[in-house]
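Q: File follows, entry_11.csv with CSV, C-alpha atoms:
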chain,number,residue,atom,x,y,z
A,120,MET,CA,54.6,91.9,225.7
A,121,LYS,CA,54.3,94.2,222.7
A,122,VAL,CA,52.4,93.0,219.6
A,123,THR,CA,54.4,93.7,216.5
A,124,GLU,CA,53.8,93.3,212.8
A,125,GLU,CA,55.8,90.3,211.6
A,126,ILE,CA,57.3,89.6,208.2
A,127,LYS,CA,56.2,86.2,207.0
A,128,PRO,CA,59.1,83.9,205.8
A,129,LEU,CA,57.6,83.6,202.3
A,130,GLN,CA,57.3,87.4,202.0
A,131,ARG,CA,60.9,87.7,203.1
A,132,LEU,CA,62.0,85.0,200.6
A,133,LEU,CA,60.2,86.7,197.7
A,134,GLU,CA,61.6,90.2,198.6
A,135,ALA,CA,65.1,88.8,199.0
A,136,SER,CA,65.0,86.9,195.7
A,137,GLN,CA,64.3,90.1,193.8
A,138,PHE,CA,67.7,91.4,194.7
A,139,MET,CA,69.9,88.5,195.8
A,140,LEU,CA,69.4,85.7,193.3
A,141,SER,CA,70.7,85.5,189.8
A,142,GLU,CA,68.2,84.9,187.1
A,143,GLU,CA,69.7,81.5,186.6
A,144,VAL,CA,69.2,80.5,190.3
A,145,LYS,CA,65.7,82.0,190.3
A,146,GLU,CA,64.7,79.9,187.3
A,147,ARG,CA,66.3,76.8,188.9
A,148,PHE,CA,64.5,77.5,192.2
A,149,GLN,CA,61.1,78.0,190.4
A,150,GLN,CA,61.6,74.8,188.4
A,151,ASN,CA,62.0,72.8,191.6
A,152,LEU,CA,58.8,74.2,193.1
A,153,LYS,CA,55.6,72.2,192.6
A,154,ARG,CA,52.2,73.8,193.3
A,155,PHE,CA,49.6,71.7,195.1
A,156,VAL,CA,46.1,72.3,196.3
A,157,ILE,CA,45.7,70.1,199.4
A,158,PRO,CA,42.3,69.4,201.0
A,159,LYS,CA,41.5,70.2,204.6
A,160,GLY,CA,42.4,67.3,206.9
A,161,ARG,CA,45.2,65.8,204.8
A,162,VAL,CA,48.2,64.4,206.6
A,163,LEU,CA,51.4,65.3,204.7
A,164,VAL,CA,53.8,63.8,207.2
A,165,ASP,CA,52.8,61.0,209.6
A,166,LEU,CA,54.5,59.6,212.6
A,167,GLY,CA,57.4,57.4,211.5
A,168,GLN,CA,57.7,58.9,208.1
A,169,VAL,CA,60.5,61.0,206.7
A,170,SER,CA,59.4,64.6,206.0
A,171,PRO,CA,60.0,64.8,202.2
A,172,SER,CA,59.4,68.4,201.4
A,173,LEU,CA,59.6,72.0,202.5
A,174,TYR,CA,56.3,73.8,202.0
A,175,PHE,CA,55.7,77.4,201.2
A,176,ILE,CA,52.1,78.2,202.1
A,177,GLU,CA,50.4,80.5,199.6
A,178,LYS,CA,47.0,80.2,201.3
A,179,GLY,CA,45.7,78.0,204.1
A,180,VAL,CA,46.5,76.7,207.5
A,181,MET,CA,48.6,73.8,208.7
A,182,ARG,CA,49.7,72.5,212.1
A,183,THR,CA,52.2,70.1,213.5
A,184,TYR,CA,51.4,68.0,216.5
A,185,TYR,CA,52.7,65.1,218.7
A,186,LEU,CA,51.0,62.6,220.8
A,187,ARG,CA,51.0,62.5,224.6
A,188,GLY,CA,49.2,59.4,225.5
A,189,SER,CA,45.9,59.5,223.5
A,190,GLU,CA,46.0,63.3,223.3
A,191,ASP,CA,47.4,65.2,220.4
A,192,ILE,CA,49.3,68.4,221.3
A,193,THR,CA,49.7,71.2,218.7
A,194,SER,CA,53.4,72.2,218.5
A,195,LEU,CA,53.2,74.6,215.5
A,196,LEU,CA,50.5,76.6,213.7
A,197,VAL,CA,51.3,78.2,210.3
A,198,SER,CA,49.3,80.0,207.7
A,199,ASP,CA,49.5,82.2,204.6
A,200,GLY,CA,53.0,83.2,203.9
A,201,ASP,CA,54.7,80.8,206.2
A,202,ILE,CA,57.2,78.1,205.5
A,203,VAL,CA,56.8,74.7,207.1
A,204,CYS,CA,58.2,71.2,207.4
A,205,ILE,CA,58.9,68.8,210.3
A,206,ALA,CA,62.3,70.4,210.7
A,207,GLU,CA,64.3,67.6,212.3
A,208,SER,CA,62.9,65.0,210.0
A,209,PHE,CA,63.4,67.1,206.9
A,210,LEU,CA,66.9,68.5,207.6
A,211,LEU,CA,68.3,65.2,209.0
A,212,GLN,CA,66.1,62.9,206.8
A,213,LYS,CA,65.1,60.9,209.8
A,214,LEU,CA,61.8,59.4,210.9
A,215,SER,CA,59.4,62.0,212.2
A,216,SER,CA,58.0,62.1,215.8
A,217,GLU,CA,55.4,64.6,214.8
A,218,VAL,CA,52.5,64.9,212.3
A,219,LEU,CA,52.0,67.6,209.7
A,220,GLU,CA,48.4,68.2,208.6
A,221,THR,CA,46.2,70.8,206.9
A,222,LEU,CA,43.5,72.5,208.8
A,223,GLU,CA,42.0,74.3,205.8
A,224,ASP,CA,42.1,73.7,202.0
A,225,THR,CA,45.6,74.8,201.4
A,226,ILE,CA,47.7,76.0,198.4
A,227,VAL,CA,51.4,75.3,198.8
A,228,TYR,CA,54.6,75.3,196.8
A,229,ALA,CA,56.7,72.4,197.7
A,230,ILE,CA,60.4,71.7,197.2
A,231,SER,CA,61.9,68.3,197.8
A,232,TYR,CA,64.8,67.7,200.2
A,233,ASP,CA,67.2,66.8,197.4
A,234,ALA,CA,66.3,69.9,195.4
A,235,TYR,CA,66.6,72.1,198.4
A,236,ARG,CA,70.0,70.7,199.5
A,237,LYS,CA,71.3,71.0,195.9
A,238,LEU,CA,70.3,74.6,195.6
A,239,VAL,CA,71.7,75.6,199.0
A,240,GLU,CA,75.0,73.8,198.2
A,241,GLN,CA,75.4,75.2,194.7
A,242,ASP,CA,74.6,78.8,195.2
A,243,SER,CA,76.0,81.1,197.9
A,244,TYR,CA,72.9,83.5,197.8
A,245,MET,CA,70.5,80.6,198.4
A,246,ALA,CA,72.7,79.4,201.3
A,247,THR,CA,72.7,82.9,202.8
A,248,LEU,CA,68.9,83.1,202.4
A,249,ALA,CA,68.5,79.7,204.0
A,250,VAL,CA,70.6,80.9,207.0
A,251,LYS,CA,68.5,84.1,207.3
A,252,LEU,CA,65.3,82.1,207.3
A,253,LEU,CA,66.7,79.8,209.9
A,254,GLU,CA,67.7,82.8,212.0
A,255,GLN,CA,64.2,84.2,211.8
A,256,HIS,CA,62.7,80.9,212.9
A,257,LEU,CA,65.1,80.8,215.9
A,258,ILE,CA,64.1,84.3,216.8
A,259,ASN,CA,60.4,83.3,216.6
A,260,PHE,CA,61.1,80.2,218.7
A,261,THR,CA,62.9,82.3,221.3
A,262,ASP,CA,59.9,84.7,221.4
A,263,ARG,CA,57.6,81.7,222.0
A,264,VAL,CA,59.7,80.4,224.8
A,265,LYS,CA,59.6,83.8,226.5
A,266,VAL,CA,55.8,83.8,226.2
A,267,PHE,CA,55.6,80.5,228.0
A,268,LYS,CA,58.3,81.4,230.6
A,269,TYR,CA,57.0,84.8,231.6
A,270,LEU,CA,53.3,84.9,231.0
A,271,SER,CA,50.5,83.2,232.8
A,272,VAL,CA,48.0,81.1,230.8
A,273,GLU,CA,45.5,84.0,230.7
A,274,GLU,CA,48.3,86.4,229.5
A,275,ARG,CA,49.4,83.9,226.9
A,276,ILE,CA,45.9,83.6,225.5
A,277,ALA,CA,45.4,87.4,225.4
A,278,TYR,CA,48.8,87.8,223.7
A,279,TYR,CA,48.1,85.2,221.1
A,280,VAL,CA,44.6,86.2,220.0
A,281,ASN,CA,45.8,89.8,219.5
A,282,GLN,CA,48.8,88.8,217.4
A,283,PRO,CA,48.7,89.8,213.7
A,284,SER,CA,49.3,86.2,212.8
A,285,SER,CA,46.7,84.8,215.2
A,286,LEU,CA,44.5,82.1,213.8
A,287,PHE,CA,41.8,82.7,216.4
A,288,ARG,CA,38.3,82.2,214.9
A,289,ARG,CA,39.9,80.7,211.8
A,290,ILE,CA,40.5,77.3,213.3
A,291,PRO,CA,39.0,75.3,216.2
A,292,ASP,CA,39.9,76.7,219.6
A,293,HIS,CA,41.2,73.3,220.9
A,294,TYR,CA,44.1,73.4,218.5
A,295,ILE,CA,45.1,76.9,219.8
A,296,ALA,CA,44.5,75.8,223.4
A,297,THR,CA,47.0,72.9,223.2
A,298,TYR,CA,49.4,75.1,221.3
A,299,LEU,CA,49.3,77.6,224.2
A,300,GLY,CA,49.7,74.8,226.8
A,301,THR,CA,46.2,74.8,228.2
A,302,THR,CA,42.8,73.0,227.8
A,303,ALA,CA,39.9,74.0,225.6
A,304,ALA,CA,37.8,74.7,228.7
A,305,THR,CA,40.4,77.0,230.2
A,306,PHE,CA,40.9,78.8,226.8
A,307,SER,CA,37.1,79.4,226.5
A,308,ARG,CA,36.9,80.7,230.1
A,309,CYS,CA,39.9,83.0,229.7
A,310,LEU,CA,38.6,84.5,226.5
A,311,LYS,CA,35.8,86.2,228.5
A,312,SER,CA,38.4,88.5,230.2
A,313,VAL,CA,40.5,89.2,227.1
A,314,ASN,CA,40.8,92.8,225.9
A,315,PHE,CA,40.6,92.4,222.2
A,316,ASP,CA,42.5,94.6,219.8
A,317,LYS,CA,39.6,96.4,218.0
A,318,ASN,CA,41.6,96.8,214.8
A,319,ARG,CA,41.8,93.0,214.6
A,320,HIS,CA,38.4,91.8,215.8
Represent the structure of the file as structure tokens.

A:
Amino acid sequence: MKVTEEIKPLQRLLEASQFMLSEEVKERFQQNLKRFVIPKGRVLVDLGQVSPSLYFIEKGVMRTYYLRGSEDITSLLVSDGDIVCIAESFLLQKLSSEVLETLEDTIVYAISYDAYRKLVEQDSYMATLAVKLLEQHLINFTDRVKVFKYLSVEERIAYYVNQPSSLFRRIPDHYIATYLGTTAATFSRCLKSVNFDKNRH
């Protein structure tokens, strides 16, 4: 599968806001954003909690994970320029079956569910932008499904570590391993046969 440069959601949002949003809406949007510096290892949403905010990551790394027995399985890895929440919990305001935590000291801009919903309902440009971001997330999800469906474990690892958005060598390997549907031992073994993109490593 071809490795392509991706446009991060936050970059897309900022670019679109320069042209699409009225000054009034931009100001309202910025007023509803709160900037936080969150330490590494902080749980922002725990099992059984309602995801309260949508986070725009300026710098740092987060992951979501769920439990399978006593093992935690990484379901999402996000970093600089990404947007993250526990989607089902945030959008439906229901109890979360996953955990959201920071893997690095992370700087975020957060918008609450009520503020997000109000902005989307009151301004057609914000609503359009929200739809475009949702579409991009669906495309990214579809791409990930294809990776799991068509590639072997070895191919998945090679594909991931050479992605522009790869967090390889930035976070512990076992998080990436469970995200790719394998074990830390298999991940380590397969790395020995990976042809690394010299422009990235």

Q: Find the residues around segment 206-218 of chain A up to 9 Å (all atoms listed in the file counted), leave out those fewer than 5 positions away in its own chain, and share them as a list in words.

A: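 Here the answer would be Val162, Leu163, Val164, Asp165, Leu166, Gly167, Gln168, Val169, Ser170, Pro171, Ser172, Leu173, Arg182, Thr183, Tyr184, Tyr185, Leu186, Ser194, Tyr232 and Arg236 of chain A.
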
Q: Can you work out the spacing between atom CA of Tyr244 of chain A and atom CA of Ile230 of chain A in Å, to one decimal?

A: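 So the two atoms, atom CA of Tyr244 of chain A and atom CA of Ile230 of chain A, lie 17.2 Å apart.
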
Q: Work out how far atom CA of Val239 of chain A is from atom CA of Val156 of chain A, in Å to one decimal.

A: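 Spanning atom CA of Val156 of chain A to atom CA of Val239 of chain A is a straight-line distance of 26.0 Å.
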
Q: Which value, in Å to one decimal, gives the distance between atom CA of Cys204 of chain A and atom CA of Glu274 of chain A?

A: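 Between atom CA of Cys204 of chain A and atom CA of Glu274 of chain A the gap works out to 28.6 Å.
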
Q: Between A:Phe287, A:Phe267, A:Phe315, A:Tyr174, single out the one closest to Gly300 of chain A, counting all atoms listed in the file.

A: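 Counting all atoms listed in the file, the residue closest to Gly300 of chain A is A:Phe267.
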
Q: Within 12 Å of (52.4, 80.0, 196.9) (file coordinates; only C-alpha atoms), which protein or nucleic acid residues are there? I'd like them as a list in words.

A: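 Checking each residue against the 12 Å limit leaves Pro128, Leu129, Gln130, Leu132, Leu133, Gln149, Leu152, Lys153, Arg154, Phe155, Val156, Tyr174, Phe175, Ile176, Glu177, Lys178, Gly179, Ser198, Asp199, Gly200, Asp201, Ile202, Thr225, Ile226, Val227, Tyr228, Ala229 and Ile230 of chain A.
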
Q: Store the residues picked out above, limited to C-alpha atoms, as a CSV table (one decimal), in the coordinates of the input.

A:
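Done, and the output landed in again.csv:
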chain,number,residue,atom,x,y,z
A,128,PRO,CA,59.1,83.9,205.8
A,129,LEU,CA,57.6,83.6,202.3
A,130,GLN,CA,57.3,87.4,202.0
A,132,LEU,CA,62.0,85.0,200.6
A,133,LEU,CA,60.2,86.7,197.7
A,149,GLN,CA,61.1,78.0,190.4
A,152,LEU,CA,58.8,74.2,193.1
A,153,LYS,CA,55.6,72.2,192.6
A,154,ARG,CA,52.2,73.8,193.3
A,155,PHE,CA,49.6,71.7,195.1
A,156,VAL,CA,46.1,72.3,196.3
A,174,TYR,CA,56.3,73.8,202.0
A,175,PHE,CA,55.7,77.4,201.2
A,176,ILE,CA,52.1,78.2,202.1
A,177,GLU,CA,50.4,80.5,199.6
A,178,LYS,CA,47.0,80.2,201.3
A,179,GLY,CA,45.7,78.0,204.1
A,198,SER,CA,49.3,80.0,207.7
A,199,ASP,CA,49.5,82.2,204.6
A,200,GLY,CA,53.0,83.2,203.9
A,201,ASP,CA,54.7,80.8,206.2
A,202,ILE,CA,57.2,78.1,205.5
A,225,THR,CA,45.6,74.8,201.4
A,226,ILE,CA,47.7,76.0,198.4
A,227,VAL,CA,51.4,75.3,198.8
A,228,TYR,CA,54.6,75.3,196.8
A,229,ALA,CA,56.7,72.4,197.7
A,230,ILE,CA,60.4,71.7,197.2

Q: Would you pick out the contacts of Glu223 of chain A at 7 Å or less, using all atoms listed in the file, so that residues sharing its chain but fewer than 6 positions from it are not included, and give the list as a ChimeraX atom specification?

A: /A:158-159,179-180

Q: At a cut-off of 12 Å, using only C-alpha atoms, what residues contact Lys311 of chain A? Leave out same-chain residues fewer than 5 positions from it and give the result as a list in words.

A: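 Returned residues: Glu273, Ile276, Ala277, Ala304, Thr305 and Phe306 of chain A.
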